[in-house]
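Participant: Structure file coords.txt (compact mmCIF, C-alpha atoms) is given on the next line.
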```txt
# COMPACT_ATOMS: atom_id res chain seq x y z
CA MET A 1 8.67 -80.88 6.77
CA SER A 2 9.40 -84.53 6.00
CA ASN A 3 12.59 -84.50 8.06
CA ILE A 4 10.65 -83.47 11.14
CA GLY A 5 7.69 -85.83 11.08
CA PRO A 6 4.20 -85.24 12.42
CA PRO A 7 3.87 -82.92 15.43
CA ARG A 8 4.01 -84.72 18.77
CA GLU A 9 1.04 -84.68 21.11
CA GLY A 10 0.95 -81.42 23.05
CA VAL A 11 3.28 -79.69 20.55
CA PRO A 12 1.94 -76.76 18.49
CA SER A 13 1.74 -77.24 14.73
CA PRO A 14 3.94 -75.20 12.35
CA THR A 15 0.92 -73.08 11.42
CA GLU A 16 0.14 -72.31 15.05
CA VAL A 17 3.75 -71.35 15.77
CA HIS A 18 3.96 -69.23 12.64
CA ASP A 19 0.72 -67.40 13.44
CA PHE A 20 1.82 -66.82 17.01
CA PHE A 21 5.19 -65.35 16.11
CA SER A 22 3.72 -63.31 13.25
CA PHE A 23 1.45 -61.71 15.81
CA CYS A 24 4.34 -61.17 18.24
CA VAL A 25 6.47 -59.42 15.64
CA GLU A 26 3.57 -57.19 14.57
CA LYS A 27 2.83 -56.35 18.21
CA GLN A 28 6.45 -55.45 18.94
CA GLN A 29 6.70 -53.29 15.83
CA GLN A 30 3.66 -51.34 17.06
CA GLU A 31 4.87 -50.98 20.63
CA GLY A 32 8.61 -50.70 20.03
CA ASP A 33 11.32 -52.95 21.38
CA SER A 34 10.62 -53.59 25.05
CA GLY A 35 12.34 -56.90 25.70
CA GLY A 36 10.83 -60.35 25.34
CA ILE A 37 10.45 -61.52 21.76
CA SER A 38 12.23 -58.46 20.38
CA GLU A 39 15.56 -59.46 21.94
CA SER A 40 18.06 -59.90 19.12
CA TRP A 41 18.69 -63.63 19.48
CA GLY A 42 14.96 -64.32 19.63
CA ARG A 43 14.08 -62.03 16.73
CA GLN A 44 16.71 -63.75 14.61
CA PHE A 45 14.87 -67.06 14.93
CA VAL A 46 11.55 -65.40 14.12
CA VAL A 47 12.73 -63.49 11.06
CA GLU A 48 14.55 -66.49 9.63
CA TYR A 49 11.52 -68.69 10.18
CA MET A 50 9.03 -66.29 8.65
CA SER A 51 11.19 -65.82 5.57
CA ASP A 52 11.48 -69.60 5.05
CA SER A 53 8.67 -70.58 2.67
CA LYS A 54 9.32 -74.31 3.20
CA LEU A 55 9.17 -74.01 7.01
CA THR A 56 12.35 -76.09 7.38
CA GLY A 57 13.27 -74.09 10.47
CA PHE A 58 10.25 -75.28 12.41
CA GLN A 59 12.21 -77.46 14.84
CA SER A 60 14.63 -74.64 15.71
CA LEU A 61 11.77 -72.27 16.32
CA LEU A 62 9.93 -74.91 18.31
CA ASN A 63 12.99 -75.30 20.55
CA PHE A 64 12.98 -71.53 21.00
CA TRP A 65 9.26 -71.66 21.85
CA HIS A 66 9.93 -74.25 24.55
CA GLU A 67 12.93 -72.40 25.98
CA ARG A 68 11.07 -69.12 26.23
CA TYR A 69 7.44 -70.08 26.84
CA GLY A 70 7.73 -73.52 28.38
CA ALA A 71 6.68 -77.01 27.40
CA PRO A 72 4.14 -79.44 28.87
CA GLY A 73 4.72 -79.57 32.62
CA VAL A 74 6.30 -76.09 32.86
CA GLU A 75 4.63 -73.78 35.39
CA PHE A 76 4.75 -70.03 35.95
CA MET A 77 3.86 -68.52 39.31
CA GLY A 78 2.93 -64.98 40.29
CA LEU A 79 2.19 -63.56 43.73
CA HIS A 80 -0.10 -60.63 44.49
CA GLU A 81 1.25 -58.09 46.95
CA GLU A 82 -2.23 -57.69 48.45
CA ASN A 83 -3.35 -60.04 51.21
CA ALA A 84 -6.59 -60.87 49.39
CA ALA A 85 -8.08 -63.97 47.80
CA VAL A 86 -8.31 -64.43 44.02
CA THR A 87 -11.96 -64.71 42.99
CA GLN A 88 -11.73 -64.71 39.18
CA VAL A 89 -9.08 -65.27 36.47
CA HIS A 90 -9.60 -64.30 32.82
CA PHE A 91 -7.24 -64.70 29.85
CA MET A 92 -7.24 -61.85 27.35
CA PRO A 93 -8.03 -63.25 23.87
CA TYR A 94 -5.07 -63.36 21.47
CA GLN A 95 -2.77 -61.78 24.06
CA VAL A 96 -0.11 -63.26 26.33
CA GLU A 97 -1.97 -61.61 29.20
CA MET A 98 -4.45 -62.47 31.92
CA VAL A 99 -6.48 -60.49 34.44
CA THR A 100 -7.18 -61.46 38.05
CA LEU A 101 -9.93 -60.10 40.30
CA LEU A 102 -9.35 -60.14 44.06
CA ASP A 103 -11.92 -60.04 46.83
CA ASP A 104 -10.80 -56.49 47.71
CA ASN A 105 -12.27 -55.51 44.28
CA SER A 106 -8.86 -54.84 42.69
CA LEU A 107 -7.99 -55.96 39.14
CA HIS A 108 -4.47 -57.02 38.14
CA MET A 109 -2.92 -57.53 34.69
CA TRP A 110 -0.27 -60.25 34.22
CA THR A 111 1.93 -61.13 31.25
CA LEU A 112 4.82 -63.40 30.26
CA ARG A 113 7.89 -61.28 29.58
CA GLY A 114 11.42 -62.25 28.62
CA HIS A 115 14.25 -61.50 31.03
CA LYS A 116 17.85 -62.69 30.53
CA GLY A 117 16.78 -65.38 28.08
CA LEU A 118 13.96 -66.70 30.28
CA SER A 119 10.27 -65.90 30.66
CA GLU A 120 8.67 -64.61 33.84
CA LEU A 121 5.07 -64.07 34.88
CA LEU A 122 4.98 -60.40 35.80
CA GLU A 123 2.28 -58.06 37.06
CA VAL A 124 2.17 -55.09 34.69
CA GLY A 125 -0.81 -53.14 35.98
CA ARG A 126 -3.51 -52.84 38.62
CA PHE A 127 -6.81 -51.03 38.78
CA MET A 128 -9.81 -50.41 41.02
CA LEU A 129 -13.13 -48.96 39.92
CA THR A 130 -14.07 -45.65 41.49
CA GLY A 131 -17.68 -44.50 41.55
CA PRO A 132 -19.07 -40.97 41.69
CA PRO A 133 -18.68 -39.09 44.99
CA GLY A 134 -21.08 -40.36 47.62
CA ALA A 135 -22.02 -43.51 45.68
CA PRO A 136 -22.42 -46.71 47.74
CA PRO A 137 -19.73 -49.40 47.37
CA SER A 138 -22.18 -51.68 45.52
CA VAL A 139 -22.01 -49.39 42.48
CA THR A 140 -18.44 -50.46 41.76
CA ARG A 141 -18.23 -53.87 43.49
CA VAL A 142 -17.32 -56.18 40.54
CA THR A 143 -19.40 -59.36 40.26
CA SER A 144 -18.80 -60.38 36.64
CA VAL A 145 -15.94 -59.91 34.15
CA LEU A 146 -15.91 -60.33 30.36
CA ALA A 147 -12.62 -60.21 28.46
CA HIS A 148 -13.73 -58.90 25.06
CA SER A 149 -12.56 -60.76 21.95
CA SER A 150 -10.80 -57.62 20.71
CA GLY A 151 -8.23 -58.13 23.47
CA GLU A 152 -8.55 -54.42 24.22
CA LEU A 153 -11.56 -54.19 26.53
CA LEU A 154 -12.75 -55.50 29.88
CA LEU A 155 -16.46 -55.36 30.65
CA LEU A 156 -17.11 -55.23 34.39
CA GLY A 157 -20.59 -55.94 35.78
CA THR A 158 -21.21 -54.80 39.34
CA GLU A 159 -23.30 -55.50 42.40
CA GLY A 160 -25.29 -52.34 41.73
CA GLY A 161 -26.34 -53.54 38.26
CA HIS A 162 -24.03 -51.25 36.27
CA LEU A 163 -21.63 -52.19 33.46
CA PHE A 164 -18.25 -50.45 33.23
CA VAL A 165 -16.07 -50.60 30.10
CA VAL A 166 -12.32 -50.49 30.71
CA GLU A 167 -9.58 -50.25 28.11
CA VAL A 168 -6.59 -52.56 28.62
CA PRO A 169 -3.69 -52.95 29.15
CA GLY A 170 -3.72 -49.36 30.44
CA PHE A 171 -6.81 -49.84 32.64
CA ARG A 172 -8.52 -46.67 31.40
CA GLU A 173 -12.23 -46.42 32.13
CA LEU A 174 -14.23 -45.43 29.03
CA GLU A 175 -16.94 -43.47 30.80
CA GLU A 176 -18.81 -42.64 27.59
CA ARG A 177 -19.33 -46.38 26.93
CA ASN A 178 -20.47 -47.38 30.42
CA ILE A 179 -24.01 -48.77 30.76
CA SER A 180 -25.95 -47.68 33.82
CA LEU A 181 -28.77 -49.57 35.49
CA ASP A 182 -31.09 -46.69 34.59
CA GLN A 183 -30.30 -47.14 30.88
CA VAL A 184 -31.25 -50.80 31.09
CA SER A 185 -34.36 -50.14 33.19
CA ASN A 186 -35.61 -47.53 30.72
CA SER A 187 -35.21 -50.02 27.85
CA VAL A 188 -37.17 -52.85 29.43
CA PRO A 189 -41.01 -52.96 29.60
CA GLY A 190 -42.23 -51.27 32.76
CA ASP A 191 -44.36 -54.21 33.90
CA TYR A 192 -41.23 -56.38 34.18
CA ILE A 193 -39.22 -53.77 36.10
CA GLY A 194 -42.19 -53.15 38.35
CA ARG A 195 -42.34 -56.77 39.42
CA ARG A 196 -38.76 -57.14 40.58
CA ASN A 197 -35.44 -55.51 41.36
CA LEU A 198 -32.88 -56.47 38.71
CA GLU A 199 -30.15 -56.95 41.37
CA HIS A 200 -26.50 -57.45 40.44
CA VAL A 201 -24.90 -58.37 37.11
CA GLU A 202 -24.54 -62.14 37.41
CA ALA A 203 -23.10 -62.97 33.98
CA LEU A 204 -21.84 -61.43 30.73
CA HIS A 205 -21.42 -63.07 27.34
CA GLU A 206 -20.33 -61.82 23.92
CA ASN A 207 -22.12 -62.63 20.66
CA PRO A 208 -19.73 -65.04 18.86
CA THR A 209 -20.84 -63.70 15.47
CA ASN A 210 -20.97 -59.98 16.33
CA PRO A 211 -18.45 -58.67 18.89
CA SER A 212 -20.33 -55.38 19.26
CA GLN A 213 -23.19 -57.22 20.98
CA VAL A 214 -23.16 -58.55 24.55
CA VAL A 215 -25.84 -60.07 26.74
CA ILE A 216 -26.04 -58.77 30.31
CA GLY A 217 -27.58 -61.20 32.80
CA PHE A 218 -29.00 -59.89 36.07
CA GLY A 219 -29.40 -61.87 39.26
CA ARG A 220 -33.20 -61.94 39.19
CA GLY A 221 -33.22 -63.53 35.72
CA LEU A 222 -33.56 -60.68 33.23
CA MET A 223 -31.14 -60.81 30.30
CA VAL A 224 -30.57 -57.81 28.02
CA ILE A 225 -28.77 -57.84 24.66
CA TRP A 226 -26.89 -54.55 24.21
CA ASP A 227 -25.01 -53.02 21.28
CA LEU A 228 -21.71 -51.60 22.55
CA ASP A 229 -21.03 -49.52 19.43
CA LYS A 230 -24.48 -47.97 19.04
CA GLN A 231 -25.01 -47.78 22.81
CA CYS A 232 -28.53 -49.12 22.55
CA PHE A 233 -30.81 -51.90 23.72
CA ILE A 234 -31.51 -54.69 21.20
CA GLN A 235 -33.61 -57.28 22.99
CA HIS A 236 -34.66 -58.35 26.47
CA ILE A 237 -35.11 -61.94 27.64
CA PRO A 238 -37.51 -62.09 30.61
CA ALA A 239 -36.51 -65.21 32.56
CA THR A 240 -38.22 -65.53 35.91
CA GLN A 241 -35.82 -67.79 37.85
CA GLN A 242 -32.65 -66.68 39.63
CA LEU A 243 -29.87 -66.59 37.01
CA GLU A 244 -26.64 -68.56 37.46
CA SER A 245 -24.92 -68.52 34.05
CA MET A 246 -25.40 -67.93 30.30
CA TRP A 247 -24.04 -69.30 27.04
CA TRP A 248 -24.39 -67.81 23.53
CA THR A 249 -24.32 -70.53 20.86
CA GLU A 250 -21.60 -70.30 18.23
CA ASP A 251 -24.01 -69.48 15.38
CA GLY A 252 -25.42 -66.57 17.40
CA SER A 253 -28.97 -67.92 17.15
CA TYR A 254 -29.67 -68.91 20.76
CA ILE A 255 -28.79 -67.97 24.32
CA LEU A 256 -28.84 -70.62 27.03
CA SER A 257 -29.47 -69.63 30.63
CA SER A 258 -29.08 -71.80 33.72
CA HIS A 259 -30.88 -71.18 36.99
CA SER A 260 -30.87 -71.76 40.73
CA ASP A 261 -33.70 -74.32 40.62
CA GLY A 262 -31.67 -76.79 38.50
CA SER A 263 -33.28 -75.75 35.21
CA TYR A 264 -31.94 -74.31 31.98
CA CYS A 265 -33.69 -72.45 29.15
CA ARG A 266 -32.93 -71.96 25.46
CA TRP A 267 -33.89 -68.54 24.07
CA ARG A 268 -34.04 -67.56 20.41
CA VAL A 269 -32.14 -64.37 19.57
CA GLY A 270 -34.29 -61.94 17.54
CA GLY A 271 -37.14 -63.00 15.35
CA TRP A 272 -40.04 -61.69 17.42
CA ASP A 273 -41.43 -58.40 18.61
CA ASP A 274 -41.03 -57.28 22.20
CA ASP A 275 -44.83 -57.00 22.37
CA ASP A 276 -44.98 -60.74 21.68
CA GLU A 277 -42.08 -61.96 23.78
CA GLU A 278 -40.97 -65.58 23.60
CA GLU A 279 -42.43 -67.96 26.14
CA GLU A 280 -40.00 -69.24 28.75
CA LYS A 281 -39.30 -72.92 28.00
CA SER A 282 -37.31 -74.56 30.77
CA ASP A 283 -35.86 -78.04 31.07
CA ILE A 284 -34.92 -79.66 34.38
CA PRO A 285 -32.56 -82.51 33.40
CA TYR A 286 -32.88 -84.37 36.70
CA GLY A 287 -36.62 -84.17 37.23
CA HIS A 288 -39.03 -81.94 39.05
CA PHE A 289 -37.88 -82.73 42.55
CA PRO A 290 -35.86 -79.91 44.19
CA CYS A 291 -32.47 -79.73 42.44
CA LYS A 292 -29.20 -77.90 42.99
CA ALA A 293 -28.39 -74.86 40.90
CA ILE A 294 -26.79 -75.30 37.47
CA THR A 295 -23.82 -73.02 38.04
CA LYS A 296 -22.37 -73.13 34.52
CA ILE A 297 -23.68 -74.31 31.16
CA VAL A 298 -21.86 -74.78 27.83
CA GLN A 299 -23.16 -75.95 24.43
CA LEU A 300 -20.73 -77.02 21.69
CA PRO A 301 -21.67 -77.83 18.10
CA THR A 302 -20.60 -80.94 16.23
CA ALA A 303 -19.81 -81.39 12.55
CA GLU A 304 -22.94 -83.51 12.17
CA GLY A 305 -25.80 -84.23 14.50
CA PRO A 306 -26.85 -82.67 17.81
CA PRO A 307 -24.53 -80.51 19.93
CA PHE A 308 -22.85 -81.42 23.20
CA LEU A 309 -24.42 -79.91 26.32
CA LEU A 310 -22.27 -79.65 29.46
CA PHE A 311 -23.22 -78.20 32.83
CA SER A 312 -22.13 -78.29 36.46
CA GLY A 313 -24.63 -78.89 39.27
CA GLY A 314 -28.32 -79.52 38.69
CA MET A 315 -28.47 -82.79 40.65
CA PRO A 316 -31.39 -83.71 42.97
CA ARG A 317 -30.82 -82.24 46.42
CA ALA A 318 -32.23 -85.21 48.35
CA SER A 319 -29.85 -87.86 47.00
CA TYR A 320 -26.95 -85.79 45.63
CA GLY A 321 -26.91 -82.75 47.91
CA ASP A 322 -23.30 -83.40 48.94
CA ARG A 323 -22.04 -84.54 45.51
CA HIS A 324 -20.12 -82.52 42.92
CA CYS A 325 -21.03 -83.39 39.34
CA ILE A 326 -20.60 -82.30 35.73
CA THR A 327 -23.14 -83.62 33.24
CA VAL A 328 -22.46 -84.27 29.54
CA ILE A 329 -25.45 -84.79 27.21
CA HIS A 330 -25.18 -85.72 23.53
CA SER A 331 -28.31 -86.89 21.75
CA LYS A 332 -29.59 -89.83 23.85
CA THR A 333 -26.31 -90.25 25.73
CA HIS A 334 -26.41 -88.75 29.21
CA VAL A 335 -23.38 -89.06 31.50
CA ALA A 336 -22.87 -87.58 34.98
CA LEU A 337 -19.24 -87.22 36.12
CA ASP A 338 -19.01 -87.44 39.91
CA PHE A 339 -16.11 -85.73 41.73
CA THR A 340 -14.99 -85.86 45.35
CA SER A 341 -14.06 -82.16 45.57
CA ARG A 342 -16.09 -79.00 44.99
CA ILE A 343 -15.96 -77.82 41.37
CA ILE A 344 -14.84 -74.20 41.03
CA ASP A 345 -14.97 -74.02 37.23
CA PHE A 346 -14.61 -76.10 34.07
CA PHE A 347 -13.83 -75.35 30.44
CA VAL A 348 -13.46 -77.29 27.19
CA ILE A 349 -10.39 -77.20 24.94
CA ARG A 350 -10.94 -78.07 21.29
CA ASP A 351 -8.22 -78.81 18.74
CA GLY A 352 -7.90 -77.00 15.42
CA PRO A 353 -10.45 -75.12 13.32
CA GLU A 354 -12.52 -78.28 12.81
CA HIS A 355 -12.50 -79.08 16.55
CA THR A 356 -11.54 -82.70 15.83
CA GLY A 357 -10.53 -83.42 19.42
CA SER A 358 -11.88 -82.12 22.70
CA GLY A 359 -11.11 -82.35 26.37
CA ILE A 360 -12.77 -81.02 29.49
CA HIS A 361 -10.60 -79.37 32.15
CA ILE A 362 -11.90 -78.96 35.68
CA LEU A 363 -10.75 -76.69 38.50
CA TYR A 364 -11.36 -78.08 41.98
CA ALA A 365 -11.57 -76.40 45.36
```
Give the structure from the file, written as structure tokens.
Facilitator:
Amino acid sequence: MSNIGPPREGVPSPTEVHDFFSFCVEKQQQEGDSGGISESWGRQFVVEYMSDSKLTGFQSLLNFWHERYGAPGVEFMGLHEENAAVTQVHFMPYQVEMVTLLDDNSLHMWTLRGHKGLSELLEVGRFMLTGPPGAPPSVTRVTSVLAHSSGELLLLGTEGGHLFVVEVPGFRELEERNISLDQVSNSVPGDYIGRRNLEHVEALHENPTNPSQVVIGFGRGLMVIWDLDKQCFIQHIPATQQLESMWWTEDGSYILSSHSDGSYCRWRVGGWDDDDEEEEKSDIPYGHFPCKAITKIVQLPTAEGPPFLLFSGGMPRASYGDRHCITVIHSKTHVALDFTSRIIDFFVIRDGPEHTGSGIHILYA
């Protein structure tokens, strides 16, 4: 690799390119030649590169990567046939695919596919949940989407409090794995259910250390950890404030929940009996005056020392009611980033397995 030099900023490393194309070749061998990477001139680059133990063909393959999949500044555009607004976008893990949810409740699968030596963003499937005959629309109105780490499942939470499991890319509903509101209600202590209606599924999050476990967050605050494989309840977390978002820490030990009153809570996963449930311990970062909702919360570990905590919203209503902020907290450092436009979403990109570099990306209205 000495004749190539260190990778430029924004350019994938040889290992990343190798892993990506190894996956592509394996995928195409499973599915058969259907264009894209399996085209003869593209496959020639891949095979030659993978058989080169010294990786001297990295620059040629990198050029191929850029020609087919773009480089910094390259954009792909797709247009839905429906006259409906996009409400959510989710990338499928480890796949060159993404799913969009429209406000007409339809789901659409998109992928990058080769055509005449170029790549195009193409819609390859669409789907709409259908409930049992006579069921109200709320049963299947999608409010939350989780793209499972397997890359093969979509978990769809609905306005009626149900969870539907859909196999992708074929959009096949796995009825035997669906989770009904009755199943959840029967698993939770009766005194909690008696006090409140669970409402809609507000948020979904997968256990980073165990992909068979997900936490289902309901609008009224209840969170339930569920085992997808065993189809059983594991633990309930009885928050009392209106739920806005959740985050499962990378070691699987804690779940963070953010709420409509500008507070967030940290809940320990496991370690106590349901008869002796954990006390709700909330923190309101900007004081006890009325605050805006914390609409999204993220916690990221560091190699040493305390983690980074990031969240949107949570500012005092009286003085910041018309402001749009993201807060970053690390140990005693507390920074509020003020933006002129409404924040739709934000996410953090980290570099490499050691996460040596990070950057926050923000989507504005």
Participant: Taking 4 positions as the minimum chain separation for residues in the same chain, which residues sit within 8 Å of Ala336 in chain A when counting all atoms listed in the file? Answer as number ranges by chain.
Facilitator: A: 325-328
Participant: Output, as lines of an AutoDock Vina configuration file, the centre and edge lengths in Å (one decimal) of the axis-aligned box that contains all listed atoms of range 311-320 of chain A with 5 Å of margin on each side.
Facilitator:
```
center_x = -27.2
center_y = -83.0
center_z = 40.6
size_x = 20.1
size_y = 19.7
size_z = 25.5
```
Participant: Which residue, A:Val215, A:Val168, A:Leu146, A:Leu337, has the smallest gap to Gln95 in chain A when you use only C-alpha atoms?
Facilitator: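 Ranking A:Val215, A:Val168, A:Leu146, A:Leu337 by distance to Gln95 in chain A, first place goes to A:Val168.
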Participant: In Å, rounded to a single decimal, give me how far CA of Ile297 in chain A is from CA of Asp261 in chain A.
Facilitator: 13.8 Å
Participant: Have a look at A:Trp226, A:Glu250, A:Pro136, A:Val99 and name the one nearest to Thr209 in chain A; count only C-alpha atoms.
Facilitator: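 Among the listed residues, A:Glu250 lies closest to Thr209 in chain A.
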Participant: Work out how far CA of Lys296 in chain A is from CA of Leu310 in chain A, in Å to one decimal.
Facilitator: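 According to the coordinates, CA of Leu310 in chain A and CA of Lys296 in chain A are separated by 8.3 Å.
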Participant: Could you name the residues that touch Met109 in chain A at 9 Å or less, counting only C-alpha atoms, but leaving out those on the same chain fewer than 2 positions away, as a PyMOL selection string?
Facilitator: chain A and resi 97-100+107+111+122-127+168-169+171
Participant: Restricting the calculation to all atoms listed in the file: of A:Phe339, A:Phe218, A:Trp247, A:Trp110, which residue gets closest to Asn197 in chain A?
Facilitator: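 Of the candidates, the smallest distance to Asn197 in chain A is held by A:Phe218.
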Participant: At a cut-off of 12 Å from (6.9, -70.6, 40.8) in the coordinates of the file, what residues are picked up using only C-alpha atoms, written as number ranges by chain?
Facilitator: A: 74-79, 119-122
Participant: Dig up all the protein and nucleic acid residues within 7 Å of (-27.3, -75.5, 32.7) in the file frame, using all atoms listed in the file, and format them as a list in words.
Facilitator: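 Looking at atoms near the point gives Ser257, Ser258, Ser263, Tyr264, Ile294, Thr295, Lys296, Ile297, Phe311 and Ser312 of chain A.
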Participant: Tell me, as a list in words, which residues lie within 9 Å of Leu101 in chain A, counting only C-alpha atoms; anything in the same chain fewer than 6 positions away does not count.
Facilitator: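 Surrounding residues, per the criterion: Ala85, Val86, Thr87, Gln88, Val89, His90, Leu107, His108, Val142 and Val145 of chain A.
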Participant: Which residue gives the smallest distance to Ala147 in chain A among A:Pro285, A:Gly252, A:Pro133, A:Pro211, with only C-alpha atoms counted?
Facilitator: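 Using only C-alpha atoms, the shortest distance to Ala147 in chain A belongs to A:Pro211.
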Participant: Could you check how far CA of Lys332 in chain A sits from CA of Val269 in chain A, in Å to one decimal?
Facilitator: 25.9 Å
Participant: Residues near Asn210 in chain A, anyone? I mean within 12 Å using all atoms listed in the file, not counting same-chain ones fewer than 4 positions away, as a list in words.
Facilitator: His148, Ser149, Ser150, His205, Glu206, Val214, Val215, Ile225, Trp226, Asp227, Leu228, Asp229, Trp248, Thr249, Glu250, Asp251, Gly252 and Ser253 of chain A
